[in-house]
Amino acid sequence: MAPRTAKARPVTPRRVRLLIATRKGLWTMTSDAARRAWKLAGPQFLGHIVHHAVLDPRDGKTLLAAAKTGHLGPTVFRSTDGGRKWKEAVTPPKFAPDSGRVVDHTFWLTPGHASQPGVWWAGTSPQGLFRSSDGGATWEGVAGFNAHPQRKAWCGGDQDGTPDGPKLHSILIDPRDARHMYISMSSGGTFESNDGGADWHPMNQGVRADFQPNPDIEYGHDSHCVRFAAGNPDRLYQQNHCGLFRLDRPATRWTDIGVGMPKSVGYVGFPMVPHPHDPDTAWIFPMDGGTVWPRVAPGGKPAAYRTRDGGKSWKRQADGMPKAQAWWTVKRQAMTADAYPTVGVYFGTTSGEVWGTRDEGRTWKCLAAHLPHVYAIEVA
Amino acid sequence: MHQDFRISIPTQLRSYTGGAAEVSVAVPGPEPRLADVFAALDAAYPGIRFRMVDEAGRVRPHVQVFVDRNVERNPDAALRRGAAIMIVGALSGG
């Protein structure tokens, strides 16, 4: 069991607000206190591909949304009043003109450390790391990564990687130390910095890379999503292209936690959602990664899986979900949890539905349908 | 010394021009290039340039630029005095 550093009794929030980033704009859903009734609002940025929308927990009112359109280049929109009014970033994330690299889209947004108000981090496709120190108005490339002499070896070329472009994601800031960070990439793997991003080193020992000639390589892995365990930033959970893994620092070797998954379902998926109060509990949402990588629910039977023992075992949770002929799946930012004492978990589907549970996965309910393809869901 | 250019703005970019379908910008210098027009446009309507021209200076793949009804994607292309510039959200699919 992981050491539990978060002992505070969870406080019941007044309601849950979800930011639903989709292929065609941004919607919000707000619940009542019991999380039974939900109100859908939007769209904002109709027609924009919104890859991620995130609330700043440090002030509770600043929102950032990473967006582009089919025709237009990538940008970041900012709101300082909870999403009523938005302004575009003056200088969105973009590579240095002489780098020859071009940001296709900003993919991931992470608010900075609590001691650094106004600092935000962004990950892009192709893989780039950017930092803002003014609440997202202006962004600068993080040279320690973007210009690192090993970056190309770590990531491959900008045209390599996943069908929708290689991505830098899962930017994690150690709550105990603003200089201690992790980033992950599809492809590239997971990397650590101990100096606020000035330098980076790979952190992939024990993670499989079955698609490489040498599966025991130091970098070049395909991390799909990496998260801190609740209250314990020495524990990381990873959903990878090649399995499920857990890292308990100071160890540097990941433990395979996918062996407990049923073979008929497998261990491929994108999201990884730690329980907000229990470092041994997390949810995943498996998808079909066999044959040609269909990227659908295995067998057309969608289900979340939950571990309560740090990944030793996994329990299927699908009560309320379609039992057959449901071919949607869930993208890496499209699943999240609220902070209620009995946790609610929410996910958005590639078919435009939003599902939720208010009893930690025992029963699920479709909360909204007919939205565009959901890219990300975050609690705001 | 400057030259004025009229630029047709596509619907995709009119959020930057206050809804205007056509704008006019003054471009400094005796031999203006297409890139100078983009710079003047961005000075007048901040942020518009990066949505249609990437950080390497290339017109984005799904944006098309016409100068006097001819496709022109070269930012170094010289412009004749009074050339009509049309920016279009390119047809790139069904």
# chains A, B, ... in the order shown; residues from 1 in each chain; ligands from 1

$ select_by_dssp --residues "chain B" --states "strand (DSSP E or B)" --output "ChimeraX atom specification"
/B:2-8,22-28,33,53,59,63-67,70-71,78,84-89

$ write_last_selection --atoms "C-alpha atoms" --output "CSV table (one decimal), in the first residue's frame"
chain,number,residue,atom,x,y,z
B,2,HIS,CA,3.5,53.4,-47.6
B,3,GLN,CA,1.1,51.7,-49.8
B,4,ASP,CA,-2.5,50.8,-49.1
B,5,PHE,CA,-3.9,47.3,-49.8
B,6,ARG,CA,-7.4,46.0,-49.6
B,7,ILE,CA,-7.7,42.6,-48.2
B,8,SER,CA,-10.7,40.3,-48.4
B,22,GLU,CA,-12.8,43.6,-46.2
B,23,VAL,CA,-10.2,45.7,-44.6
B,24,SER,CA,-7.5,48.1,-45.8
B,25,VAL,CA,-4.0,48.3,-44.3
B,26,ALA,CA,-1.1,50.6,-44.9
B,27,VAL,CA,2.2,48.8,-45.6
B,28,PRO,CA,5.4,50.8,-45.1
B,33,ARG,CA,6.0,41.8,-50.0
B,53,VAL,CA,0.6,31.9,-41.1
B,59,VAL,CA,0.7,30.1,-45.0
B,63,VAL,CA,-5.7,28.7,-45.8
B,64,GLN,CA,-5.4,30.0,-49.3
B,65,VAL,CA,-4.2,33.5,-50.5
B,66,PHE,CA,-4.9,35.1,-53.8
B,67,VAL,CA,-3.2,38.2,-55.1
B,70,ASN,CA,-3.8,34.3,-58.6
B,71,VAL,CA,-2.8,31.8,-55.8
B,78,ALA,CA,6.5,41.3,-54.3
B,84,ALA,CA,-6.1,43.0,-54.4
B,85,ILE,CA,-5.5,40.4,-51.8
B,86,MET,CA,-8.0,37.7,-50.9
B,87,ILE,CA,-7.6,35.3,-48.0
B,88,VAL,CA,-9.8,32.2,-48.2
B,89,GLY,CA,-10.5,29.2,-45.9

$ residues_around --residues "range 246-250 of chain A" --least-positions-apart "5" --cutoff "6 Å" --atoms "only C-alpha atoms" --output "ChimeraX atom specification"
/A:234-237,255

$ interface_residues --of "chain B" --to "chain A" --cutoff "10 Å" --atoms "only C-alpha atoms" --output "list of chain:residue names"
B:Gln12, B:Leu13, B:Pro46, B:Gly47, B:Ile48, B:Arg49, B:Phe50, B:Arg51, B:Met52, B:Val53, B:Asp54, B:Glu55, B:Ala56, B:Gly57, B:Arg58, B:Val59, B:Arg60, B:Pro61, B:His62, B:Val63, B:Gln64, B:Val88, B:Gly89, B:Ala90, B:Leu91, B:Ser92

$ write_last_selection --atoms "C-alpha atoms" --output "short mmCIF file (atom, residue, chain, number, x, y, z; two decimals), in the first residue's frame"
data_model
loop_
_atom_site.label_atom_id
_atom_site.label_comp_id
_atom_site.auth_asym_id
_atom_site.auth_seq_id
_atom_site.Cartn_x
_atom_site.Cartn_y
_atom_site.Cartn_z
CA GLN B 12 -13.08 32.20 -40.31
CA LEU B 13 -11.03 35.31 -39.49
CA PRO B 46 -3.67 41.49 -33.28
CA GLY B 47 -3.50 37.72 -33.40
CA ILE B 48 -4.88 37.30 -36.93
CA ARG B 49 -1.52 36.48 -38.52
CA PHE B 50 -0.72 33.41 -36.43
CA ARG B 51 -4.07 31.85 -37.23
CA MET B 52 -3.24 31.89 -40.97
CA VAL B 53 0.57 31.91 -41.06
CA ASP B 54 2.65 29.56 -38.91
CA GLU B 55 5.75 30.41 -36.88
CA ALA B 56 7.99 29.38 -39.78
CA GLY B 57 6.32 32.06 -41.92
CA ARG B 58 4.37 29.64 -44.13
CA VAL B 59 0.73 30.12 -45.03
CA ARG B 60 -1.14 27.37 -43.18
CA PRO B 61 -2.16 24.33 -45.24
CA HIS B 62 -5.91 25.02 -45.18
CA VAL B 63 -5.66 28.74 -45.81
CA GLN B 64 -5.40 30.04 -49.34
CA VAL B 88 -9.79 32.20 -48.16
CA GLY B 89 -10.54 29.23 -45.95
CA ALA B 90 -9.40 26.65 -48.47
CA LEU B 91 -11.68 23.93 -49.75
CA SER B 92 -9.89 20.91 -48.39
#

$ select_by_dssp --residues "range 35-76 of chain B" --states "alpha helix (DSSP H)" --output "PyMOL selection string"
chain B and resi 35-44+48-52

$ residues_around --residues "Lys87 in chain A" --least-positions-apart "5" --cutoff "7 Å" --atoms "only C-alpha atoms" --output "NGL selection string"
:A and (77-79)

$ residues_around --residues "range 21-38 of chain A" --least-positions-apart "5" --cutoff "10 Å" --atoms "only C-alpha atoms" --output "JSON, numbers by chain"
{"A": [12, 13, 14, 15, 16, 43, 44, 45, 46, 47, 48, 49, 50, 51, 52, 53, 54, 65, 66, 67, 68, 69, 70, 83, 333, 334, 340, 344, 348, 349, 350, 352, 354, 356, 357, 358, 365, 367, 368, 371, 372, 373, 374, 375, 376, 377, 378, 379, 380]}

$ write_last_selection --atoms "N, CA and C atoms" --output "tab-separated table (two decimals), in the first residue's frame"
chain	number	residue	atom	x	y	z
A	12	THR	N	-17.45	18.06	1.11
A	12	THR	CA	-18.40	17.91	0.01
A	12	THR	C	-18.55	19.22	-0.74
A	13	PRO	N	-18.24	19.24	-2.05
A	13	PRO	CA	-18.43	20.47	-2.81
A	13	PRO	C	-19.92	20.82	-2.92
A	14	ARG	N	-20.20	22.05	-3.35
A	14	ARG	CA	-21.59	22.49	-3.48
A	14	ARG	C	-22.22	21.95	-4.75
A	15	ARG	N	-21.40	21.67	-5.73
A	15	ARG	CA	-21.90	21.14	-7.00
A	15	ARG	C	-20.69	20.73	-7.83
A	16	VAL	N	-20.94	20.08	-8.96
A	16	VAL	CA	-19.86	19.74	-9.87
A	16	VAL	C	-20.08	20.50	-11.17
A	43	PRO	N	-22.89	25.98	-26.91
A	43	PRO	CA	-21.42	25.91	-26.98
A	43	PRO	C	-20.76	27.28	-26.93
A	44	GLN	N	-19.50	27.25	-26.53
A	44	GLN	CA	-18.60	28.36	-26.74
A	44	GLN	C	-17.56	27.90	-27.76
A	45	PHE	N	-17.06	28.83	-28.52
A	45	PHE	CA	-16.07	28.52	-29.58
A	45	PHE	C	-16.61	27.48	-30.58
A	46	LEU	N	-17.88	27.64	-30.95
A	46	LEU	CA	-18.49	26.66	-31.85
A	46	LEU	C	-17.65	26.54	-33.13
A	47	GLY	N	-17.33	25.32	-33.48
A	47	GLY	CA	-16.52	25.06	-34.67
A	47	GLY	C	-15.05	24.94	-34.38
A	48	HIS	N	-14.64	25.35	-33.17
A	48	HIS	CA	-13.23	25.17	-32.82
A	48	HIS	C	-13.00	23.75	-32.28
A	49	ILE	N	-11.86	23.21	-32.62
A	49	ILE	CA	-11.41	21.95	-32.02
A	49	ILE	C	-10.78	22.31	-30.68
A	50	VAL	N	-11.45	21.97	-29.60
A	50	VAL	CA	-10.95	22.33	-28.27
A	50	VAL	C	-10.32	21.07	-27.67
A	51	HIS	N	-9.01	21.07	-27.56
A	51	HIS	CA	-8.33	19.87	-27.08
A	51	HIS	C	-8.34	19.77	-25.56
A	52	HIS	N	-8.40	20.90	-24.87
A	52	HIS	CA	-8.34	20.84	-23.41
A	52	HIS	C	-8.87	22.16	-22.86
A	53	ALA	N	-9.63	22.10	-21.81
A	53	ALA	CA	-10.06	23.31	-21.09
A	53	ALA	C	-9.92	23.02	-19.61
A	54	VAL	N	-9.27	23.94	-18.89
A	54	VAL	CA	-8.84	23.66	-17.52
A	54	VAL	C	-9.08	24.88	-16.64
A	65	ALA	N	-8.42	27.54	-22.40
A	65	ALA	CA	-8.89	26.56	-23.39
A	65	ALA	C	-7.94	26.56	-24.57
A	66	ALA	N	-7.47	25.39	-24.95
A	66	ALA	CA	-6.58	25.24	-26.10
A	66	ALA	C	-7.42	24.91	-27.31
A	67	ALA	N	-7.32	25.72	-28.38
A	67	ALA	CA	-8.24	25.56	-29.51
A	67	ALA	C	-7.55	25.82	-30.84
A	68	LYS	N	-8.12	25.24	-31.87
A	68	LYS	CA	-7.77	25.56	-33.24
A	68	LYS	C	-9.01	25.26	-34.08
A	69	THR	N	-8.95	25.54	-35.36
A	69	THR	CA	-10.05	25.10	-36.23
A	69	THR	C	-9.45	24.31	-37.38
A	70	GLY	N	-10.31	23.79	-38.21
A	70	GLY	CA	-9.82	23.04	-39.36
A	70	GLY	C	-8.94	23.88	-40.26
A	83	GLY	N	-15.48	31.81	-17.22
A	83	GLY	CA	-15.92	31.35	-18.54
A	83	GLY	C	-16.99	32.21	-19.18
A	333	GLN	N	-7.79	12.68	-22.12
A	333	GLN	CA	-8.20	13.72	-21.15
A	333	GLN	C	-9.69	13.66	-20.87
A	334	ALA	N	-10.39	12.69	-21.44
A	334	ALA	CA	-11.85	12.71	-21.41
A	334	ALA	C	-12.43	11.90	-20.26
A	340	TYR	N	-15.93	14.79	-4.28
A	340	TYR	CA	-16.90	14.43	-3.25
A	340	TYR	C	-16.32	13.30	-2.38
A	344	GLY	N	-17.42	11.00	-7.59
A	344	GLY	CA	-18.05	10.90	-8.89
A	344	GLY	C	-16.99	10.82	-9.97
A	348	GLY	N	-16.29	11.36	-21.23
A	348	GLY	CA	-16.94	11.74	-22.47
A	348	GLY	C	-16.49	10.79	-23.56
A	349	THR	N	-17.36	10.55	-24.52
A	349	THR	CA	-17.09	9.50	-25.50
A	349	THR	C	-16.79	10.08	-26.88
A	350	THR	N	-16.23	9.24	-27.68
A	350	THR	CA	-15.97	9.62	-29.07
A	350	THR	C	-17.28	9.79	-29.83
A	352	GLY	N	-19.86	11.46	-28.49
A	352	GLY	CA	-20.50	12.68	-28.01
A	352	GLY	C	-21.42	12.51	-26.81
A	354	VAL	N	-21.78	12.08	-22.53
A	354	VAL	CA	-21.10	12.26	-21.25
A	354	VAL	C	-21.76	11.32	-20.25
A	356	GLY	N	-21.57	9.47	-16.23
A	356	GLY	CA	-21.07	9.73	-14.89
A	356	GLY	C	-21.55	8.70	-13.90
A	357	THR	N	-20.82	8.62	-12.79
A	357	THR	CA	-21.22	7.79	-11.66
A	357	THR	C	-21.11	8.64	-10.41
A	358	ARG	N	-22.07	8.51	-9.50
A	358	ARG	CA	-21.96	9.23	-8.24
A	358	ARG	C	-21.69	8.28	-7.08
A	365	LYS	N	-24.53	6.45	-15.50
A	365	LYS	CA	-25.71	7.04	-16.14
A	365	LYS	C	-25.22	7.97	-17.25
A	367	LEU	N	-25.32	11.25	-18.94
A	367	LEU	CA	-25.72	12.58	-18.49
A	367	LEU	C	-26.02	13.51	-19.65
A	368	ALA	N	-25.44	13.27	-20.80
A	368	ALA	CA	-25.67	14.11	-21.98
A	368	ALA	C	-25.36	13.30	-23.22
A	371	LEU	N	-23.60	15.38	-28.29
A	371	LEU	CA	-22.54	16.38	-28.40
A	371	LEU	C	-21.55	15.91	-29.47
A	372	PRO	N	-20.64	16.78	-29.89
A	372	PRO	CA	-19.57	16.31	-30.77
A	372	PRO	C	-18.62	15.37	-30.01
A	373	HIS	N	-17.77	14.74	-30.78
A	373	HIS	CA	-16.67	13.89	-30.28
A	373	HIS	C	-15.97	14.59	-29.09
A	374	VAL	N	-15.98	13.95	-27.93
A	374	VAL	CA	-15.44	14.59	-26.73
A	374	VAL	C	-13.93	14.35	-26.64
A	375	TYR	N	-13.19	15.43	-26.50
A	375	TYR	CA	-11.72	15.33	-26.39
A	375	TYR	C	-11.24	15.39	-24.93
A	376	ALA	N	-11.95	16.16	-24.10
A	376	ALA	CA	-11.47	16.31	-22.72
A	376	ALA	C	-12.62	16.67	-21.81
A	377	ILE	N	-12.54	16.15	-20.58
A	377	ILE	CA	-13.48	16.56	-19.52
A	377	ILE	C	-12.66	16.87	-18.28
A	378	GLU	N	-12.90	18.03	-17.72
A	378	GLU	CA	-12.23	18.40	-16.47
A	378	GLU	C	-13.28	18.97	-15.52
A	379	VAL	N	-13.08	18.72	-14.23
A	379	VAL	CA	-13.92	19.34	-13.22
A	379	VAL	C	-13.43	20.77	-12.99
A	380	ALA	N	-14.36	21.71	-12.99
A	380	ALA	CA	-14.00	23.12	-12.80
A	380	ALA	C	-14.74	23.68	-11.60

$ residues_around --residues "Ala44 in chain B" --least-positions-apart "4" --cutoff "9 Å" --atoms "only C-alpha atoms" --output "MDAnalysis selection string"
chainID B and resid 17 25 39:40

$ residues_around --residues "Arg58 in chain A" --least-positions-apart "6" --cutoff "9 Å" --atoms "only C-alpha atoms" --output "count of residues only"
6

$ residues_around --residues "Leu79 in chain B" --least-positions-apart "3" --cutoff "8 Å" --atoms "only C-alpha atoms" --output "number ranges by chain"
B: 31-34, 83

$ atom_distance --atom1 "CA of His224 in chain A" --atom2 "CA of Phe245 in chain A"
11.1 Å

$ closest_residue --among "B:Pro30, B:Arg81, B:Arg69, B:Gly18" --to "Tyr45 in chain B" --atoms "only C-alpha atoms"
B:Gly18
